[in-house]
$ cat my_file_19.csv   # CSV, C-alpha atoms
chain,number,residue,atom,x,y,z
A,1,ALA,CA,-67.8,-47.3,-17.4
A,2,SER,CA,-70.1,-44.4,-17.7
A,3,ARG,CA,-68.6,-40.9,-18.1
A,4,PRO,CA,-70.0,-37.4,-17.7
A,5,PRO,CA,-70.4,-35.3,-20.8
A,6,THR,CA,-67.2,-34.1,-22.4
A,7,ALA,CA,-65.8,-30.7,-21.7
A,8,SER,CA,-67.1,-29.5,-25.1
A,9,ARG,CA,-70.7,-29.7,-23.8
A,10,ALA,CA,-71.9,-27.5,-21.0
A,11,TRP,CA,-72.1,-29.2,-17.7
A,12,SER,CA,-75.2,-28.1,-15.8
A,13,PRO,CA,-77.1,-29.4,-12.8
A,14,SER,CA,-79.9,-30.6,-15.0
A,15,ARG,CA,-77.5,-32.4,-17.4
A,16,SER,CA,-75.8,-33.9,-14.3
A,17,ALA,CA,-79.1,-35.1,-13.0
A,18,THR,CA,-79.9,-36.7,-16.3
A,19,TRP,CA,-76.6,-38.5,-16.6
A,20,TRP,CA,-76.8,-39.7,-13.0
A,21,ALA,CA,-80.3,-41.1,-13.5
A,22,GLN,CA,-79.4,-42.9,-16.8
A,23,ARG,CA,-75.9,-44.2,-15.9
A,24,PRO,CA,-75.3,-47.8,-16.8
A,25,GLU,CA,-74.2,-48.7,-13.2
A,26,LYS,CA,-77.7,-47.9,-12.0
A,27,GLY,CA,-79.1,-50.6,-14.2
A,28,LEU,CA,-76.4,-53.1,-13.3
A,29,LEU,CA,-76.9,-52.6,-9.5
A,30,GLY,CA,-80.6,-53.0,-10.0
A,31,LEU,CA,-80.1,-56.2,-11.9
A,32,ARG,CA,-77.8,-57.6,-9.1
A,33,ALA,CA,-80.2,-56.7,-6.4
A,34,GLY,CA,-83.2,-58.0,-8.3
A,35,LEU,CA,-81.5,-61.4,-8.9
A,36,GLY,CA,-80.3,-61.5,-5.3
A,37,VAL,CA,-76.7,-62.4,-6.3
A,38,TYR,CA,-74.9,-61.5,-3.1
A,39,ALA,CA,-71.6,-63.3,-3.6
A,40,ASN,CA,-69.3,-62.0,-6.3
A,41,LEU,CA,-66.4,-64.3,-7.1
A,42,ARG,CA,-63.5,-62.6,-8.8
A,43,PRO,CA,-60.5,-64.9,-9.5
A,44,ALA,CA,-57.2,-63.1,-10.3
A,45,ALA,CA,-54.3,-65.3,-11.5
A,46,ILE,CA,-51.4,-64.7,-13.8
A,47,ARG,CA,-49.9,-67.0,-16.4
A,48,ASP,CA,-46.1,-67.3,-16.6
A,49,ASP,CA,-46.3,-66.2,-20.3
A,50,LEU,CA,-48.1,-63.0,-19.3
A,51,LEU,CA,-45.8,-61.9,-16.5
A,52,GLY,CA,-44.5,-59.2,-18.7
A,53,ALA,CA,-47.9,-57.6,-18.8
A,54,SER,CA,-48.1,-57.2,-15.1
A,55,SER,CA,-47.3,-53.9,-13.5
A,56,LEU,CA,-45.2,-55.8,-10.9
A,57,LYS,CA,-41.7,-57.2,-11.2
A,58,GLU,CA,-41.9,-60.7,-12.7
A,59,GLU,CA,-40.5,-62.3,-9.5
A,60,VAL,CA,-43.2,-60.7,-7.4
A,61,ALA,CA,-46.1,-61.4,-9.7
A,62,ARG,CA,-45.2,-65.0,-10.5
A,63,GLY,CA,-47.6,-67.5,-9.1
A,64,MET,CA,-50.3,-65.0,-8.1
A,65,ASP,CA,-53.6,-66.8,-7.7
A,66,VAL,CA,-56.1,-65.1,-5.5
A,67,LEU,CA,-59.9,-65.3,-5.3
A,68,ILE,CA,-61.7,-62.2,-4.1
A,69,VAL,CA,-65.1,-62.9,-2.6
A,70,ARG,CA,-67.0,-59.6,-2.7
A,71,GLU,CA,-70.3,-59.0,-1.0
A,72,LEU,CA,-72.4,-57.6,-3.9
A,73,ILE,CA,-75.8,-56.3,-2.9
A,74,GLY,CA,-75.2,-54.6,0.5
A,75,GLY,CA,-73.0,-52.0,2.0
A,76,ILE,CA,-72.6,-48.4,0.9
A,77,TYR,CA,-73.8,-49.0,-2.7
A,78,PHE,CA,-77.3,-50.1,-1.5
A,79,SER,CA,-77.9,-49.0,2.1
A,80,GLU,CA,-80.3,-46.2,3.0
A,81,PRO,CA,-80.6,-43.4,3.7
A,82,ARG,CA,-78.8,-41.7,0.9
A,83,GLY,CA,-79.2,-38.4,-0.9
A,84,VAL,CA,-78.3,-34.7,-1.4
A,85,GLU,CA,-79.7,-31.8,0.7
A,86,GLY,CA,-79.2,-28.1,1.3
A,87,ASP,CA,-78.1,-25.3,-1.0
A,88,GLY,CA,-74.9,-23.3,-1.7
A,89,ASP,CA,-71.9,-24.0,0.5
A,90,GLU,CA,-74.2,-26.0,2.8
A,91,ARG,CA,-75.2,-28.5,0.1
A,92,ALA,CA,-74.2,-31.9,1.2
A,93,ALA,CA,-74.4,-35.5,0.0
A,94,TYR,CA,-74.5,-38.6,2.1
A,95,ASN,CA,-74.5,-42.4,1.8
A,96,THR,CA,-74.9,-45.1,4.4
A,97,MET,CA,-72.7,-48.2,4.9
A,98,ARG,CA,-74.7,-50.9,6.6
A,99,TYR,CA,-74.3,-54.7,7.1
A,100,SER,CA,-76.3,-57.0,9.2
A,101,VAL,CA,-74.9,-60.1,10.9
A,102,GLY,CA,-76.9,-62.3,8.5
A,103,GLU,CA,-75.5,-60.5,5.4
A,104,VAL,CA,-71.9,-61.0,6.7
A,105,ARG,CA,-72.5,-64.6,7.6
A,106,ARG,CA,-73.8,-65.6,4.2
A,107,ILE,CA,-70.9,-64.0,2.3
A,108,ALA,CA,-68.3,-65.4,4.8
A,109,LYS,CA,-69.8,-68.9,4.4
A,110,VAL,CA,-69.1,-68.7,0.6
A,111,ALA,CA,-65.5,-67.5,1.3
A,112,PHE,CA,-64.7,-70.1,4.0
A,113,GLU,CA,-66.0,-72.9,1.7
A,114,ALA,CA,-64.0,-71.5,-1.2
A,115,ALA,CA,-60.9,-71.5,1.0
A,116,GLN,CA,-61.5,-75.2,1.9
A,117,LYS,CA,-61.3,-76.1,-1.8
A,118,ARG,CA,-58.2,-74.0,-2.4
A,119,GLY,CA,-55.2,-73.3,-0.2
A,120,GLY,CA,-57.0,-73.2,3.1
A,121,ARG,CA,-56.2,-69.5,3.8
A,122,LEU,CA,-58.8,-66.8,4.2
A,123,CYS,CA,-58.1,-63.1,4.7
A,124,SER,CA,-61.1,-60.9,5.8
A,125,VAL,CA,-60.6,-57.3,4.8
A,126,ASP,CA,-62.3,-54.4,6.6
A,127,LYS,CA,-61.6,-51.1,8.3
A,128,ALA,CA,-62.4,-52.1,11.9
A,129,ASN,CA,-60.1,-49.5,13.4
A,130,VAL,CA,-62.4,-46.7,12.1
A,131,LEU,CA,-65.9,-48.1,11.1
A,132,GLU,CA,-68.5,-49.6,13.3
A,133,VAL,CA,-69.8,-51.6,10.4
A,134,SER,CA,-66.4,-53.2,10.0
A,135,ARG,CA,-66.2,-54.1,13.7
A,136,LEU,CA,-69.4,-56.0,13.3
A,137,TRP,CA,-68.0,-57.6,10.1
A,138,ARG,CA,-64.8,-58.7,11.9
A,139,GLU,CA,-66.6,-60.0,15.0
A,140,THR,CA,-69.0,-62.1,12.8
A,141,VAL,CA,-66.3,-63.6,10.6
A,142,THR,CA,-64.2,-64.4,13.6
A,143,ALA,CA,-67.1,-66.2,15.3
A,144,MET,CA,-67.6,-68.4,12.2
A,145,ALA,CA,-64.0,-69.5,12.0
A,146,ALA,CA,-64.5,-72.2,14.6
A,147,GLY,CA,-66.7,-74.0,12.1
A,148,TYR,CA,-63.9,-74.2,9.6
A,149,PRO,CA,-60.9,-75.4,11.6
A,150,GLU,CA,-59.0,-76.4,8.5
A,151,VAL,CA,-59.1,-72.8,7.2
A,152,GLU,CA,-56.5,-70.3,8.5
A,153,LEU,CA,-58.3,-67.0,9.1
A,154,ARG,CA,-56.6,-63.6,9.4
A,155,HIS,CA,-57.9,-60.0,9.3
A,156,MET,CA,-56.4,-57.0,7.4
A,157,TYR,CA,-57.4,-53.4,7.1
A,158,VAL,CA,-58.3,-52.5,3.6
A,159,ASP,CA,-55.5,-49.9,3.1
A,160,ASN,CA,-52.9,-52.4,4.2
A,161,ALA,CA,-54.5,-55.1,2.0
A,162,ALA,CA,-54.1,-52.9,-1.0
A,163,MET,CA,-50.4,-52.3,-0.1
A,164,GLN,CA,-49.9,-56.0,0.5
A,165,LEU,CA,-51.4,-57.0,-2.8
A,166,VAL,CA,-48.8,-54.9,-4.5
A,167,ALA,CA,-45.9,-55.9,-2.3
A,168,ASN,CA,-46.6,-59.7,-2.1
A,169,PRO,CA,-49.7,-61.0,-3.8
A,170,ASN,CA,-48.7,-64.6,-3.2
A,171,GLN,CA,-49.5,-64.3,0.5
A,172,PHE,CA,-53.2,-64.3,-0.4
A,173,ASP,CA,-55.4,-67.3,-1.2
A,174,VAL,CA,-59.0,-66.1,-0.7
A,175,ILE,CA,-60.0,-62.6,0.3
A,176,VAL,CA,-63.5,-61.8,1.6
A,177,THR,CA,-64.7,-58.2,1.9
A,178,GLY,CA,-67.6,-55.8,1.5
A,179,ASN,CA,-69.0,-54.2,-1.6
A,180,ILE,CA,-66.9,-51.1,-2.0
A,181,PHE,CA,-63.6,-52.6,-0.7
A,182,GLY,CA,-64.1,-55.6,-3.0
A,183,ASP,CA,-64.8,-53.3,-6.0
A,184,ILE,CA,-61.5,-51.4,-5.4
A,185,LEU,CA,-59.3,-54.4,-4.5
A,186,SER,CA,-60.4,-56.6,-7.4
A,187,ASP,CA,-59.6,-53.8,-10.0
A,188,LEU,CA,-56.2,-53.5,-8.3
A,189,ALA,CA,-55.7,-57.3,-8.6
A,190,ALA,CA,-56.7,-57.1,-12.3
A,191,GLU,CA,-53.8,-54.8,-13.1
A,192,LEU,CA,-51.4,-57.1,-11.2
A,193,ALA,CA,-52.6,-60.0,-13.3
A,194,GLY,CA,-51.7,-58.2,-16.5
A,195,SER,CA,-55.0,-56.5,-17.6
A,196,ILE,CA,-58.5,-56.0,-16.4
A,197,GLY,CA,-59.4,-57.7,-19.7
A,198,MET,CA,-58.2,-60.9,-18.2
A,199,LEU,CA,-60.5,-61.0,-15.2
A,200,PRO,CA,-63.9,-62.8,-15.1
A,201,SER,CA,-66.5,-62.8,-12.4
A,202,GLY,CA,-69.4,-64.9,-11.2
A,203,SER,CA,-72.2,-63.5,-9.0
A,204,LEU,CA,-74.1,-66.1,-7.1
A,205,GLY,CA,-77.1,-66.2,-4.8
A,206,GLU,CA,-79.9,-68.6,-4.1
A,207,GLY,CA,-81.0,-69.0,-7.7
A,208,VAL,CA,-79.9,-67.4,-10.9
A,209,GLY,CA,-76.3,-66.5,-11.4
A,210,LEU,CA,-74.8,-63.6,-13.2
A,211,PHE,CA,-71.5,-63.9,-15.0
A,212,GLU,CA,-69.6,-61.0,-16.5
A,213,PRO,CA,-66.1,-59.6,-17.0
A,214,VAL,CA,-64.9,-57.4,-14.2
A,215,HIS,CA,-64.2,-54.6,-16.6
A,216,GLY,CA,-67.7,-53.5,-17.5
A,217,SER,CA,-68.3,-51.4,-20.6
A,218,ALA,CA,-65.7,-49.4,-22.5
A,219,PRO,CA,-67.6,-47.0,-24.7
A,220,ASP,CA,-64.4,-45.1,-25.7
A,221,ILE,CA,-63.2,-48.2,-27.7
A,222,ALA,CA,-66.6,-49.3,-28.9
A,223,GLY,CA,-66.4,-50.6,-32.5
A,224,ALA,CA,-62.6,-50.2,-32.6
A,225,ASP,CA,-61.8,-54.0,-32.4
A,226,LYS,CA,-59.4,-53.3,-29.4
A,227,ALA,CA,-61.1,-55.1,-26.5
A,228,ASN,CA,-59.7,-58.2,-24.9
A,229,PRO,CA,-62.4,-60.9,-25.0
A,230,CYS,CA,-60.6,-63.3,-22.6
A,231,ALA,CA,-62.5,-62.2,-19.5
A,232,ALA,CA,-65.8,-62.7,-21.3
A,233,PHE,CA,-64.8,-66.3,-22.3
A,234,MET,CA,-63.5,-67.0,-18.7
A,235,SER,CA,-66.8,-65.7,-17.4
A,236,LEU,CA,-68.5,-68.2,-19.6
A,237,SER,CA,-66.3,-70.9,-18.2
A,238,MET,CA,-67.4,-69.9,-14.7
A,239,ALA,CA,-71.0,-70.1,-15.8
A,240,PHE,CA,-70.4,-73.7,-16.9
A,241,ASP,CA,-68.8,-74.5,-13.5
A,242,PHE,CA,-71.3,-72.8,-11.1
A,243,ALA,CA,-74.6,-72.4,-13.0
A,244,LEU,CA,-74.8,-75.1,-15.7
A,245,GLY,CA,-73.2,-78.0,-13.9
A,246,GLN,CA,-70.8,-78.6,-16.8
A,247,PRO,CA,-67.3,-78.2,-15.3
A,248,ALA,CA,-65.8,-80.2,-18.2
A,249,LEU,CA,-67.0,-77.5,-20.6
A,250,GLY,CA,-65.6,-74.8,-18.3
A,251,ASP,CA,-62.2,-76.5,-18.3
A,252,ALA,CA,-62.4,-76.8,-22.1
A,253,VAL,CA,-62.9,-73.0,-22.5
A,254,ARG,CA,-60.2,-72.2,-20.0
A,255,ASP,CA,-57.8,-74.6,-21.6
A,256,ALA,CA,-58.6,-73.1,-25.0
A,257,ILE,CA,-57.7,-69.6,-23.8
A,258,GLY,CA,-54.4,-71.1,-22.5
A,259,ASP,CA,-53.8,-72.7,-25.9
A,260,VAL,CA,-54.3,-69.4,-27.7
A,261,LEU,CA,-52.1,-67.4,-25.3
A,262,GLY,CA,-49.5,-70.1,-25.5
A,263,GLU,CA,-49.4,-69.7,-29.2
A,264,GLY,CA,-48.5,-66.1,-28.7
A,265,LEU,CA,-51.7,-64.3,-29.6
A,266,ARG,CA,-52.1,-61.0,-27.7
A,267,THR,CA,-54.5,-58.2,-27.7
A,268,ALA,CA,-53.0,-54.7,-27.2
A,269,ASP,CA,-53.6,-54.6,-23.5
A,270,ILE,CA,-51.4,-57.6,-22.8
A,271,ALA,CA,-48.8,-57.3,-25.6
A,272,ARG,CA,-45.3,-56.4,-24.6
A,273,PRO,CA,-43.6,-53.5,-26.3
A,274,GLY,CA,-42.8,-54.4,-29.9
A,275,GLU,CA,-45.1,-57.5,-29.7
A,276,ALA,CA,-47.7,-57.8,-32.5
A,277,ALA,CA,-51.3,-57.5,-31.3
A,278,VAL,CA,-54.5,-58.9,-32.7
A,279,GLY,CA,-57.9,-57.4,-32.5
A,280,CYS,CA,-60.9,-58.6,-30.4
A,281,ALA,CA,-62.5,-60.4,-33.3
A,282,ALA,CA,-59.3,-62.4,-34.2
A,283,MET,CA,-58.7,-63.3,-30.5
A,284,GLY,CA,-62.3,-64.3,-30.0
A,285,ALA,CA,-62.4,-66.4,-33.2
A,286,ALA,CA,-59.2,-68.2,-32.1
A,287,ILE,CA,-60.6,-69.0,-28.7
A,288,VAL,CA,-63.9,-70.3,-30.2
A,289,LYS,CA,-62.0,-72.5,-32.6
A,290,ARG,CA,-59.8,-74.0,-29.8
A,291,SER,CA,-62.8,-74.4,-27.5
A,292,LEU,CA,-64.7,-76.4,-30.1
A,293,GLN,CA,-61.7,-78.6,-30.8
A,294,ARG,CA,-61.4,-79.4,-27.0
A,295,ILE,CA,-65.1,-80.0,-26.6
A,296,GLU,CA,-65.2,-82.4,-29.5
A,297,ARG,CA,-62.6,-84.5,-27.7
A,298,LEU,CA,-64.6,-84.8,-24.5

$ encode --input "my_file_19.csv" --output "structure tokens"
Amino acid sequence: ASRPPTASRAWSPSRSATWWAQRPEKGLLGLRAGLGVYANLRPAAIRDDLLGASSLKEEVARGMDVLIVRELIGGIYFSEPRGVEGDGDERAAYNTMRYSVGEVRRIAKVAFEAAQKRGGRLCSVDKANVLEVSRLWRETVTAMAAGYPEVELRHMYVDNAAMQLVANPNQFDVIVTGNIFGDILSDLAAELAGSIGMLPSGSLGEGVGLFEPVHGSAPDIAGADKANPCAAFMSLSMAFDFALGQPALGDAVRDAIGDVLGEGLRTADIARPGEAAVGCAAMGAAIVKRSLQRIERL
């Protein structure tokens, strides 16, 4: 994640404008929009041997396996108009949250189809009690439900969804929501699953896919050999599944990660107090070794 200059450097409007124009997120959002990857799939599950890394009690976290389907190239991050105007105390900033029926339909279709292949339960998250855009979202998703009679659809306000994820994550199978709500809820789910270093994502559209860990960059630990590479490897497994048509290779990578974790290797973010931790390089090398062994047996 990008950060403003540290306190030791003077913070000025011109420096602020430079940081804002050059922030990594601007490039990433442009890449997503340019590729047209509107459906961001963010699976969050926890292994029994990582229950101690979750912020939840073990009996609450056990069995958590939720797929968050986040709309990725619309909503408040992309809609116009946006900007800053005025001076002094009257200076104000504004952003626009906008979704069309077509945008909601295409992301909801991905979510309904995902629920068909999983547990058959879909929760659509919005803020329809306050936002007109969420009313349109809810009406559109509800109208689509008749086409998926085997999927149980329910709706939930985003603030309640955050609370329910913490209170009882096992009530969720697939969650579909807009860009900003999905951004927030998936990071929350990452903490429940043990670490944001354990969560992959796949962004899909009509053509090229984009696969990346949920966590983004971490410049504060660059070169320190502290990062957890599991999410990067799991993102690779999603690429095998969704983009390369090689699900057996995807399974091999996922199973290799399970092998390594089952052997007790832990990076610092998922190690229990007193447990030995390995660095990024050692964890990555172990996963590569196990992946190749499994691929050779295919």

$ axis_aligned_box --input "my_file_19.csv" --around "segment 195-209 of chain A" --padding-each-side "6 Å" --output "JSON"
{"center_x": -68.0, "center_y": -62.5, "center_z": -11.9, "size_x": 38.0, "size_y": 25.0, "size_z": 27.6}

$ closest_residue --input "my_file_19.csv" --among "A:Ala39, A:Met283, A:Ala190, A:Leu292" --to "Asp225 of chain A" --atoms "all atoms listed in the file"
A:Met283

$ closest_atom_pairs --input "my_file_19.csv" --of "segment 48-88 of chain A" --to "segment 93-99 of chain A" --cutoff "7 Å" --atoms "all atoms listed in the file" --output "tab-separated table"
residue	atom	partner	partner_atom	distance
A:Gly74	CA	A:Tyr99	CA	6.7
A:Gly75	CA	A:Met97	CA	4.8
A:Ile76	CA	A:Met97	CA	4.0
A:Ser79	CA	A:Thr96	CA	5.4
A:Glu80	CA	A:Thr96	CA	5.7
A:Pro81	CA	A:Thr96	CA	6.0
A:Arg82	CA	A:Asn95	CA	4.4
A:Gly83	CA	A:Tyr94	CA	5.6
A:Val84	CA	A:Ala93	CA	4.2
A:Glu85	CA	A:Ala93	CA	6.5

$ closest_atom_pairs --input "my_file_19.csv" --of "segment 173-227 of chain A" --to "segment 113-129 of chain A" --cutoff "7 Å" --atoms "all atoms listed in the file" --output "tab-separated table"
residue	atom	partner	partner_atom	distance
A:Asp173	CA	A:Arg121	CA	5.5
A:Val174	CA	A:Leu122	CA	5.0
A:Ile175	CA	A:Cys123	CA	4.8
A:Val176	CA	A:Ser124	CA	4.9
A:Thr177	CA	A:Val125	CA	5.1

$ atom_distance --input "my_file_19.csv" --atom1 "atom CA of Ile270 of chain A" --atom2 "atom CA of Met238 of chain A"
21.7 Å

$ atom_distance --input "my_file_19.csv" --atom1 "atom CA of Leu249 of chain A" --atom2 "atom CA of Ala232 of chain A"
14.9 Å

$ atom_distance --input "my_file_19.csv" --atom1 "atom CA of Asp241 of chain A" --atom2 "atom CA of Gly52 of chain A"
29.2 Å
